[in-house]
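For reference, the structure discussed in these notes is given below.
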Amino acid sequence: MKPVLIKEIILFIITVNMILLSGIGSASGQGIGTGSASATIVTPLSVSADTQLKFGNVSQGVPKKVNRTATGVDTTAAIFSVSGEDLAGITIQFTLPQYMYNSSGDQMQIIFENDNCTIDSLAGTPDSPGGGAWVGENPYNLPGANIGATNGSTSIYLGGKVVPSMQQAAGSYSADIVISVAYDGT
Amino acid sequence: MKKLIPDLFKNGTTSMKSIIIIITSVFVFIFEASAAVMVAPTVVFLSAQKRTDRIIVQNPSDKPSEVSIRFSYGLPLTDSLGNIKVELQDSLITDPKSATDWIQAFPRKVIVPAMGSQIIRLVARPPKDLPDGEYWTRIVVSSKETEEAAPASENLDGISTQINLIMQMAIMVKYRTGELVSNLELVDVKANSSDELIKVLLDFNNIGNVSYMGILTGTLFDADGKEISKNRVNLAVYRDMRRCLDFVKPDETYKTPYKVELFITPDGRIDVPPEDMIKGNKISYSVIVE
């Protein structure tokens with residue numbers, strides 16, 4: 001079975017599961033063969049971080065950029081997925097860091113350029129987004145989007161750039177990226 | 001804390017329901033997503049008669065997830081081009097329609113185990129003598145993995161980096177009291193054509209005391225009345241709003257001038273339980289594309 005199909009099946013079943021557990025759906029039966037049922041089907045909203053933003057090895061004084069299209073092993077764009085009701089309007093906002101910090105409090109600049117994000121509602125990949133994707137968007141000001149109709153999911157690809165100084169202290173630097181998603185039609 | 005499988009058979013549910021849940025649980029346990037969080041329902045309704053409710057947060061990934069809950073204020077707002085945004089405001093909220101200060105959630109911080117779920121209970125404690133109408137806030141569910149991933153680069157002599165990805169979902173919560181009226185006014189419509197798109201801009205004004213929830217449908221016709229394409233969006237108008245409907249510009253086989261027929265109805269919202277819909281008016285309108 002193709003991975004995409006498996007994903008669709010799983011998503012559907014999870015949806016049914018959450019509906020049943022949360023009491024959103026309701027059903028009633030009146031005997032074998034003569035049962036009747038009614039239900040309100042509400043697809044839950046889901047956000048997942050599928051791939052980390054990876055810069056690989058970074059050297060002092062050498063800026064390193066990861067494009068939104070990057071899919072390498074050591075350097076990859078971040079990939080987020082938003083799932084929900086087909087074609088429902090969503091707004092996506094990033095809260096992005098300006099610096100990364102190590103455990104000593106040293107900081108290293110991180111930049112998100114104004115064309116290094118893609119919103120893909122048609123099951124593409126970072127280096128080959130689906131038709132109609134919002135390509136090269138500013139992650140600080142993303143357009144309204146919608147949940148993809150083909151698989152009930154929309155992907156967001158985000159690249160970035162770190163700018164270590166010549167005197168940048170060696171060590172492990174970290175920062176948080178926050179993605180916020182809301183339906184715009186409720 | 002609640003795992004997926006327990007309590008499945010407690011409430012005398014149908015065998016079909018049980019079967020679905022068992023199948024679901026099996027699939028959930030083989031679903032190895034990375035950090036993820038899932039929330040249902042997607043809108044919560046509280047009222048003077050029902051001051052408590054719950055949402056379910058589910059972690060479909062194979063790692064525990066640290067989930068925190070807070071409330072923010074954020075209505076769908078649009079700019080002059082009809083682009084829509086929900087900007088969350090955590091402090092200095094002055095809107096009298098905000099319920100952010102008096103709706104609470106329990107618990108507000110929890111570790112949801114891998115493949116597990118957690119019920120979050122909501123309680124409204126509105127001020128006395130609240131005027132009739134609807135009051136709004138958003139429950140913001142934030143999630144991140146509890147076990148942070150190893151640094152992306154293990155360059156011991158150099159610089160390694162690690163980006164922590166935090167996911168937030170902002171779910172609308174609406175508190176209703178007194179006599180409720182849903183009424184939408186279509187103030188203005190403009191339809192313009194560019195090289196690639198036909199854009200229809202609609203200006204709405206909410207003249208009820210609840211948010212107007214419905215569906216906006218636009219259908220593009222050519223000069224002979226032949227249907228070319230259709231566009232549809234879920235609509236939620238809290239005050240005034242400009243929405244944009246885009247249509248791909250038809251090829252030259254279709255005769256101009258084009259016409260767009262617009263229809264707004266509170267019917268057909270499958271994402272909102274019927275008992276929670278305050279049904280408002282319907283609007284029909286036609287506009288010629290300039």
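Going through the structure tokens in order, the chains are called A, B, and so on, while each chain numbers its residues from 1 and the ligands are numbered from 1 in the order shown.
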
Write out, as JSON lines, each residue of chain A that has an atom at most 6 Å from chain B, together with the closest pair of atoms and their distance in Å to one decimal, counting only C-alpha atoms, rows going by chain and rising number.
```
{"residue": "A:Ile13", "atom": "CA", "partner": "B:Thr24", "partner_atom": "CA", "distance": 5.4}
{"residue": "A:Asn17", "atom": "CA", "partner": "B:Ile21", "partner_atom": "CA", "distance": 5.7}
{"residue": "A:Thr40", "atom": "CA", "partner": "B:Pro273", "partner_atom": "CA", "distance": 6.0}
{"residue": "A:Val42", "atom": "CA", "partner": "B:Asp271", "partner_atom": "CA", "distance": 5.0}
{"residue": "A:Pro44", "atom": "CA", "partner": "B:Ala40", "partner_atom": "CA", "distance": 4.7}
{"residue": "A:Leu45", "atom": "CA", "partner": "B:Val39", "partner_atom": "CA", "distance": 5.4}
{"residue": "A:Ser46", "atom": "CA", "partner": "B:Met38", "partner_atom": "CA", "distance": 4.1}
{"residue": "A:Val47", "atom": "CA", "partner": "B:Val37", "partner_atom": "CA", "distance": 5.7}
{"residue": "A:Ser48", "atom": "CA", "partner": "B:Ala36", "partner_atom": "CA", "distance": 3.9}
{"residue": "A:Ala49", "atom": "CA", "partner": "B:Ala35", "partner_atom": "CA", "distance": 5.3}
{"residue": "A:Asp50", "atom": "CA", "partner": "B:Ser34", "partner_atom": "CA", "distance": 5.3}
{"residue": "A:Lys54", "atom": "CA", "partner": "B:Ala152", "partner_atom": "CA", "distance": 5.6}
{"residue": "A:Gly56", "atom": "CA", "partner": "B:Ser153", "partner_atom": "CA", "distance": 4.9}
{"residue": "A:Asn57", "atom": "CA", "partner": "B:Ser153", "partner_atom": "CA", "distance": 5.5}
{"residue": "A:Val58", "atom": "CA", "partner": "B:Ile159", "partner_atom": "CA", "distance": 5.3}
{"residue": "A:Thr91", "atom": "CA", "partner": "B:Lys85", "partner_atom": "CA", "distance": 5.7}
{"residue": "A:Gly144", "atom": "CA", "partner": "B:Ile84", "partner_atom": "CA", "distance": 5.7}
{"residue": "A:Ala170", "atom": "CA", "partner": "B:Gly158", "partner_atom": "CA", "distance": 4.7}
{"residue": "A:Gly171", "atom": "CA", "partner": "B:Ile159", "partner_atom": "CA", "distance": 5.0}
{"residue": "A:Ser172", "atom": "CA", "partner": "B:Ser160", "partner_atom": "CA", "distance": 4.6}
{"residue": "A:Tyr173", "atom": "CA", "partner": "B:Thr161", "partner_atom": "CA", "distance": 4.8}
{"residue": "A:Ser174", "atom": "CA", "partner": "B:Gln162", "partner_atom": "CA", "distance": 4.6}
{"residue": "A:Ala175", "atom": "CA", "partner": "B:Ile163", "partner_atom": "CA", "distance": 5.2}
{"residue": "A:Asp176", "atom": "CA", "partner": "B:Asn164", "partner_atom": "CA", "distance": 4.6}
{"residue": "A:Ile177", "atom": "CA", "partner": "B:Leu165", "partner_atom": "CA", "distance": 5.1}
{"residue": "A:Val178", "atom": "CA", "partner": "B:Ile166", "partner_atom": "CA", "distance": 4.6}
{"residue": "A:Ile179", "atom": "CA", "partner": "B:Met167", "partner_atom": "CA", "distance": 5.1}
{"residue": "A:Ser180", "atom": "CA", "partner": "B:Gln168", "partner_atom": "CA", "distance": 4.4}
{"residue": "A:Val181", "atom": "CA", "partner": "B:Met169", "partner_atom": "CA", "distance": 4.9}
{"residue": "A:Ala182", "atom": "CA", "partner": "B:Ala170", "partner_atom": "CA", "distance": 5.0}
{"residue": "A:Asp184", "atom": "CA", "partner": "B:Pro76", "partner_atom": "CA", "distance": 5.7}
{"residue": "A:Gly185", "atom": "CA", "partner": "B:Ala236", "partner_atom": "CA", "distance": 4.7}
{"residue": "A:Thr186", "atom": "CA", "partner": "B:Ala236", "partner_atom": "CA", "distance": 5.4}
```

*List the neighbours of Ser128 in chain A out to 9 Å using only C-alpha atoms; skip same-chain residues closer than 3 positions along the sequence, and give me the result as a ChimeraX atom specification.*
/A:69,124-125

Output the selection as a compact mmCIF listing (two decimals), in the first residue's frame - N, CA and C atoms for each residue.
```
# COMPACT_ATOMS: atom_id res chain seq x y z
N THR A 69 13.73 24.72 0.21
CA THR A 69 13.63 23.55 -0.66
C THR A 69 14.55 22.42 -0.22
N GLY A 124 2.88 18.21 -2.03
CA GLY A 124 4.16 18.22 -2.71
C GLY A 124 5.29 17.94 -1.74
N THR A 125 6.48 18.37 -2.12
CA THR A 125 7.64 18.25 -1.25
C THR A 125 8.35 19.60 -1.24
```

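Relative to CA of Ala70 in chain A, CA of Pro139 in chain A is found at 16.1 Å.
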
*List the neighbours of Ile147 in chain A out to 8 Å using only C-alpha atoms; skip same-chain residues closer than 2 positions along the sequence, and give me the result as a ChimeraX atom specification.*
/A:82-90,121,145,149,152-154

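Counting only C-alpha atoms, the residue from B:Gly178, B:Pro64, B:Pro127, B:Pro250 that sits nearest to Asp195 in chain B is B:Pro250.
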
*Residues at most 10 Å from Lys161 in chain A, counting only C-alpha atoms, excluding those fewer than 6 positions away in the same chain, as a PyMOL selection string?*
chain A and resi 55+63-67+109-113+116

Quick one: everything within 6 Å of Cys117 in chain A, counting only C-alpha atoms, minus sequence neighbours fewer than 4 positions away in the same chain. Send it as a short mmCIF file (atom, residue, chain, number, x, y, z; two decimals) with N, CA and C atoms, in the first residue's frame.
```cif
data_model
loop_
_atom_site.label_atom_id
_atom_site.label_comp_id
_atom_site.auth_asym_id
_atom_site.auth_seq_id
_atom_site.Cartn_x
_atom_site.Cartn_y
_atom_site.Cartn_z
N ARG A 68 14.37 26.82 1.77
CA ARG A 68 13.07 26.18 2.03
C ARG A 68 12.91 24.90 1.23
N GLY A 136 7.78 30.87 -1.75
CA GLY A 136 8.62 32.04 -1.52
C GLY A 136 7.95 33.10 -0.69
N GLU A 137 7.23 32.69 0.33
CA GLU A 137 6.50 33.63 1.17
C GLU A 137 7.37 34.12 2.34
N PRO A 139 7.97 34.42 6.01
CA PRO A 139 7.45 33.68 7.19
C PRO A 139 6.93 34.58 8.29
N TYR A 157 6.95 24.62 4.58
CA TYR A 157 8.39 24.40 4.51
C TYR A 157 9.09 25.71 4.88
N LEU A 158 10.03 25.62 5.79
CA LEU A 158 10.69 26.83 6.28
C LEU A 158 12.19 26.64 6.29
#
```

*asked:* List as an MDAnalysis selection string the protein and nucleic acid residues near range 216-224 of chain B, meaning an atom at most 10 Å away when only C-alpha atoms are counted, but skip any in the same chain fewer than 3 places from it.
replied: chainID B and resid 198 200 213 227:236 243 245:250 253:266 282:289

Produce a file of the selected residues containing N, CA and C atoms, as a CSV table (one decimal), in the first residue's frame.
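Dumped everything to again.csv:
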```csv
chain,number,residue,atom,x,y,z
B,198,ILE,N,-9.8,36.6,-11.2
B,198,ILE,CA,-11.0,37.5,-10.9
B,198,ILE,C,-11.1,37.5,-9.4
B,200,VAL,N,-13.2,38.9,-6.2
B,200,VAL,CA,-14.5,39.5,-5.7
B,200,VAL,C,-14.2,39.9,-4.2
B,213,MET,N,-22.0,32.8,11.6
B,213,MET,CA,-21.3,31.7,11.0
B,213,MET,C,-22.1,31.1,9.8
B,227,GLU,N,-21.9,28.1,-16.4
B,227,GLU,CA,-21.1,28.1,-15.1
B,227,GLU,C,-19.7,27.8,-15.5
B,228,ILE,N,-18.8,28.5,-14.9
B,228,ILE,CA,-17.3,28.3,-15.2
B,228,ILE,C,-16.7,27.7,-14.0
B,229,SER,N,-16.8,28.3,-12.9
B,229,SER,CA,-16.2,27.7,-11.7
B,229,SER,C,-16.9,28.2,-10.4
B,230,LYS,N,-16.6,27.5,-9.3
B,230,LYS,CA,-17.3,27.8,-8.0
B,230,LYS,C,-16.2,27.9,-6.9
B,231,ASN,N,-16.4,28.7,-6.0
B,231,ASN,CA,-15.5,28.9,-4.8
B,231,ASN,C,-16.4,29.0,-3.6
B,232,ARG,N,-15.9,28.4,-2.5
B,232,ARG,CA,-16.7,28.4,-1.3
B,232,ARG,C,-15.8,28.5,-0.1
B,233,VAL,N,-16.1,29.3,0.9
B,233,VAL,CA,-15.4,29.4,2.1
B,233,VAL,C,-16.3,29.4,3.3
B,234,ASN,N,-15.8,28.8,4.4
B,234,ASN,CA,-16.5,29.0,5.7
B,234,ASN,C,-16.3,30.4,6.2
B,235,LEU,N,-17.4,31.0,6.6
B,235,LEU,CA,-17.4,32.4,7.0
B,235,LEU,C,-17.7,32.5,8.5
B,236,ALA,N,-16.9,33.4,9.1
B,236,ALA,CA,-17.2,33.8,10.5
B,236,ALA,C,-17.0,35.3,10.6
B,243,ARG,N,-14.0,40.1,2.8
B,243,ARG,CA,-13.5,38.8,2.4
B,243,ARG,C,-13.2,38.9,0.9
B,245,LEU,N,-12.9,36.5,-2.6
B,245,LEU,CA,-13.1,35.2,-3.3
B,245,LEU,C,-12.3,35.4,-4.6
B,246,ASP,N,-11.4,34.4,-4.8
B,246,ASP,CA,-10.6,34.4,-6.1
B,246,ASP,C,-11.1,33.3,-7.0
B,247,PHE,N,-11.1,33.7,-8.3
B,247,PHE,CA,-11.4,32.7,-9.4
B,247,PHE,C,-10.3,32.8,-10.4
B,248,VAL,N,-9.9,31.6,-10.9
B,248,VAL,CA,-8.9,31.6,-12.0
B,248,VAL,C,-9.6,32.2,-13.2
B,249,LYS,N,-8.9,33.1,-13.9
B,249,LYS,CA,-9.5,33.8,-15.0
B,249,LYS,C,-9.8,32.7,-16.1
B,250,PRO,N,-11.0,32.7,-16.7
B,250,PRO,CA,-11.3,31.7,-17.7
B,250,PRO,C,-10.5,32.0,-19.0
B,253,THR,N,-12.5,31.2,-24.5
B,253,THR,CA,-13.7,30.6,-25.1
B,253,THR,C,-15.0,31.0,-24.4
B,254,TYR,N,-14.8,31.6,-23.2
B,254,TYR,CA,-16.0,32.0,-22.4
B,254,TYR,C,-16.2,33.5,-22.7
B,255,LYS,N,-17.5,33.8,-23.0
B,255,LYS,CA,-17.8,35.2,-23.4
B,255,LYS,C,-17.9,36.1,-22.2
B,256,THR,N,-17.4,37.3,-22.4
B,256,THR,CA,-17.5,38.4,-21.3
B,256,THR,C,-18.7,39.2,-21.6
B,257,PRO,N,-19.2,40.0,-20.7
B,257,PRO,CA,-18.7,40.1,-19.3
B,257,PRO,C,-19.1,38.9,-18.4
B,258,TYR,N,-18.2,38.6,-17.5
B,258,TYR,CA,-18.5,37.5,-16.5
B,258,TYR,C,-19.4,38.1,-15.4
B,259,LYS,N,-20.1,37.1,-14.8
B,259,LYS,CA,-20.9,37.5,-13.7
B,259,LYS,C,-20.6,36.5,-12.5
B,260,VAL,N,-20.6,37.0,-11.3
B,260,VAL,CA,-20.4,36.2,-10.1
B,260,VAL,C,-21.7,36.2,-9.3
B,261,GLU,N,-22.3,35.1,-9.1
B,261,GLU,CA,-23.4,35.0,-8.2
B,261,GLU,C,-22.9,34.6,-6.8
B,262,LEU,N,-23.3,35.3,-5.8
B,262,LEU,CA,-22.9,35.1,-4.4
B,262,LEU,C,-24.0,34.6,-3.6
B,263,PHE,N,-23.7,33.7,-2.7
B,263,PHE,CA,-24.8,33.2,-1.8
B,263,PHE,C,-24.2,33.0,-0.4
B,264,ILE,N,-24.8,33.5,0.6
B,264,ILE,CA,-24.3,33.4,1.9
B,264,ILE,C,-25.4,32.7,2.7
B,265,THR,N,-25.1,31.6,3.4
B,265,THR,CA,-26.1,30.9,4.1
B,265,THR,C,-25.5,30.3,5.4
B,266,PRO,N,-26.3,30.3,6.5
B,266,PRO,CA,-25.9,29.6,7.7
B,266,PRO,C,-26.0,28.1,7.6
B,282,LYS,N,-30.0,34.8,5.2
B,282,LYS,CA,-29.3,34.3,4.0
B,282,LYS,C,-29.2,35.6,3.1
B,283,ILE,N,-28.2,35.6,2.3
B,283,ILE,CA,-28.0,36.7,1.4
B,283,ILE,C,-27.7,36.2,0.0
B,284,SER,N,-28.3,36.7,-1.0
B,284,SER,CA,-28.0,36.4,-2.4
B,284,SER,C,-27.6,37.7,-3.1
B,285,TYR,N,-26.6,37.7,-4.0
B,285,TYR,CA,-26.2,38.9,-4.7
B,285,TYR,C,-25.5,38.5,-6.0
B,286,SER,N,-25.7,39.4,-7.0
B,286,SER,CA,-24.9,39.1,-8.2
B,286,SER,C,-24.1,40.4,-8.6
B,287,VAL,N,-22.9,40.1,-9.1
B,287,VAL,CA,-22.1,41.3,-9.5
B,287,VAL,C,-21.4,41.0,-10.9
B,288,ILE,N,-21.4,42.0,-11.7
B,288,ILE,CA,-20.7,41.9,-13.0
B,288,ILE,C,-19.2,42.2,-12.8
B,289,VAL,N,-18.4,41.4,-13.4
B,289,VAL,CA,-16.9,41.6,-13.3
B,289,VAL,C,-16.5,42.7,-14.2
```

*Among range 58-160 of chain A, which residues carry a DSSP assignment of strand (DSSP E or B), reported as an NGL selection string?*
:A and (58 or 64-66 or 71 or 75-76 or 78-83 or 89-95 or 99-101 or 107-111 or 117-120 or 125 or 128 or 134-137 or 145-146 or 153-158 or 160)

Output N, CA and C atoms for every residue in the selection just made, as a CSV table (one decimal), in the first residue's frame.
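Output below, filename selection_0.csv:
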```csv
chain,number,residue,atom,x,y,z
A,58,VAL,N,28.4,24.0,11.3
A,58,VAL,CA,28.5,25.4,11.2
A,58,VAL,C,29.9,25.8,11.6
A,64,LYS,N,25.6,30.3,7.2
A,64,LYS,CA,25.1,29.1,6.6
A,64,LYS,C,23.6,29.2,6.4
A,65,LYS,N,23.2,29.0,5.1
A,65,LYS,CA,21.7,29.1,4.8
A,65,LYS,C,21.2,27.8,4.4
A,66,VAL,N,20.0,27.5,4.9
A,66,VAL,CA,19.2,26.3,4.5
A,66,VAL,C,18.0,26.9,3.7
A,71,THR,N,16.3,19.3,1.3
A,71,THR,CA,15.9,18.0,1.8
A,71,THR,C,17.0,17.0,2.0
A,75,THR,N,21.4,19.0,6.1
A,75,THR,CA,20.8,20.3,6.1
A,75,THR,C,19.4,20.1,5.4
A,76,THR,N,18.4,20.4,6.2
A,76,THR,CA,17.0,20.3,5.7
A,76,THR,C,16.2,21.4,6.2
A,78,ALA,N,12.7,22.9,7.7
A,78,ALA,CA,11.7,22.4,8.6
A,78,ALA,C,10.4,22.1,7.8
A,79,ILE,N,9.8,21.0,8.2
A,79,ILE,CA,8.5,20.7,7.5
A,79,ILE,C,7.4,20.5,8.6
A,80,PHE,N,6.4,21.3,8.5
A,80,PHE,CA,5.2,21.2,9.4
A,80,PHE,C,4.0,20.7,8.6
A,81,SER,N,3.1,20.0,9.2
A,81,SER,CA,1.9,19.6,8.6
A,81,SER,C,0.7,20.1,9.4
A,82,VAL,N,-0.3,20.6,8.7
A,82,VAL,CA,-1.5,21.0,9.4
A,82,VAL,C,-2.6,20.2,8.8
A,83,SER,N,-3.4,19.5,9.6
A,83,SER,CA,-4.5,18.6,9.1
A,83,SER,C,-5.8,19.1,9.7
A,89,GLY,N,-10.4,27.3,5.8
A,89,GLY,CA,-9.4,28.3,5.8
A,89,GLY,C,-8.6,28.3,7.1
A,90,ILE,N,-7.3,28.5,7.0
A,90,ILE,CA,-6.5,28.5,8.2
A,90,ILE,C,-5.6,29.8,8.1
A,91,THR,N,-5.2,30.3,9.3
A,91,THR,CA,-4.1,31.2,9.3
A,91,THR,C,-3.0,30.6,10.0
A,92,ILE,N,-1.8,30.9,9.5
A,92,ILE,CA,-0.5,30.4,10.1
A,92,ILE,C,0.4,31.5,10.5
A,93,GLN,N,0.9,31.5,11.7
A,93,GLN,CA,1.8,32.5,12.2
A,93,GLN,C,3.0,31.9,12.7
A,94,PHE,N,4.2,32.4,12.4
A,94,PHE,CA,5.4,31.9,13.1
A,94,PHE,C,5.8,32.9,14.1
A,95,THR,N,6.4,32.4,15.2
A,95,THR,CA,7.1,33.3,16.1
A,95,THR,C,8.6,32.8,16.0
A,99,TYR,N,18.0,35.1,17.7
A,99,TYR,CA,19.3,34.5,18.1
A,99,TYR,C,19.1,33.1,18.6
A,100,MET,N,20.2,32.3,18.5
A,100,MET,CA,20.2,31.0,19.2
A,100,MET,C,21.2,31.2,20.3
A,101,TYR,N,21.0,30.4,21.4
A,101,TYR,CA,21.9,30.6,22.6
A,101,TYR,C,22.5,29.2,22.9
A,107,GLN,N,25.3,34.2,22.2
A,107,GLN,CA,24.2,34.2,21.2
A,107,GLN,C,24.8,34.1,19.8
A,108,MET,N,24.0,33.6,18.9
A,108,MET,CA,24.4,33.5,17.5
A,108,MET,C,23.1,33.9,16.7
A,109,GLN,N,23.4,34.8,15.7
A,109,GLN,CA,22.2,35.3,15.0
A,109,GLN,C,21.6,34.3,14.1
A,110,ILE,N,20.3,34.3,14.0
A,110,ILE,CA,19.6,33.4,13.1
A,110,ILE,C,18.6,34.3,12.3
A,111,ILE,N,18.6,34.1,11.0
A,111,ILE,CA,17.8,35.0,10.1
A,111,ILE,C,16.8,34.2,9.3
A,117,CYS,N,9.8,30.6,2.8
A,117,CYS,CA,8.8,29.8,3.3
A,117,CYS,C,7.8,29.4,2.2
A,118,THR,N,7.3,28.2,2.2
A,118,THR,CA,6.3,27.7,1.3
A,118,THR,C,5.1,27.1,2.0
A,119,ILE,N,3.9,27.4,1.5
A,119,ILE,CA,2.7,26.7,2.0
A,119,ILE,C,2.2,25.9,0.9
A,120,ASP,N,2.1,24.6,1.2
A,120,ASP,CA,1.8,23.6,0.1
A,120,ASP,C,0.6,22.8,0.5
A,125,THR,N,6.5,18.4,-2.1
A,125,THR,CA,7.6,18.2,-1.3
A,125,THR,C,8.3,19.6,-1.2
A,128,SER,N,9.7,20.3,-4.5
A,128,SER,CA,8.7,20.2,-5.6
A,128,SER,C,7.3,20.4,-5.0
A,134,TRP,N,1.8,28.4,-2.2
A,134,TRP,CA,2.3,29.7,-2.0
A,134,TRP,C,3.8,29.6,-1.8
A,135,VAL,N,4.5,29.9,-2.8
A,135,VAL,CA,6.0,29.6,-2.8
A,135,VAL,C,6.7,31.0,-2.5
A,136,GLY,N,7.8,30.9,-1.8
A,136,GLY,CA,8.6,32.0,-1.5
A,136,GLY,C,8.0,33.1,-0.7
A,137,GLU,N,7.2,32.7,0.3
A,137,GLU,CA,6.5,33.6,1.2
A,137,GLU,C,7.4,34.1,2.3
A,145,ALA,N,-4.4,30.6,4.2
A,145,ALA,CA,-4.2,29.4,3.4
A,145,ALA,C,-5.5,28.5,3.6
A,146,ASN,N,-5.4,27.3,3.1
A,146,ASN,CA,-6.5,26.4,3.4
A,146,ASN,C,-5.9,25.0,3.5
A,153,SER,N,-4.5,17.8,4.3
A,153,SER,CA,-3.3,18.3,5.0
A,153,SER,C,-2.6,19.4,4.2
A,154,THR,N,-2.0,20.3,4.9
A,154,THR,CA,-1.2,21.3,4.3
A,154,THR,C,0.1,21.3,4.9
A,155,SER,N,1.2,21.4,4.1
A,155,SER,CA,2.5,21.4,4.6
A,155,SER,C,3.1,22.8,4.5
A,156,ILE,N,4.0,23.1,5.5
A,156,ILE,CA,4.7,24.4,5.5
A,156,ILE,C,6.2,24.0,5.5
A,157,TYR,N,6.9,24.6,4.6
A,157,TYR,CA,8.4,24.4,4.5
A,157,TYR,C,9.1,25.7,4.9
A,158,LEU,N,10.0,25.6,5.8
A,158,LEU,CA,10.7,26.8,6.3
A,158,LEU,C,12.2,26.6,6.3
A,160,GLY,N,16.1,28.8,6.8
A,160,GLY,CA,16.7,29.8,7.6
A,160,GLY,C,18.1,30.0,7.4
```

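Between Ser59 in chain A and the candidates A:Thr43, A:Tyr183, A:Pro129, A:Val163, the tightest atom-to-atom separation, counting only C-alpha atoms, involves A:Val163.
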
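Candidate residues A:Leu142, A:Leu53, A:Val62, A:Val162 were compared for distance to Asp115 in chain A, and the nearest is A:Leu142, using only C-alpha atoms.
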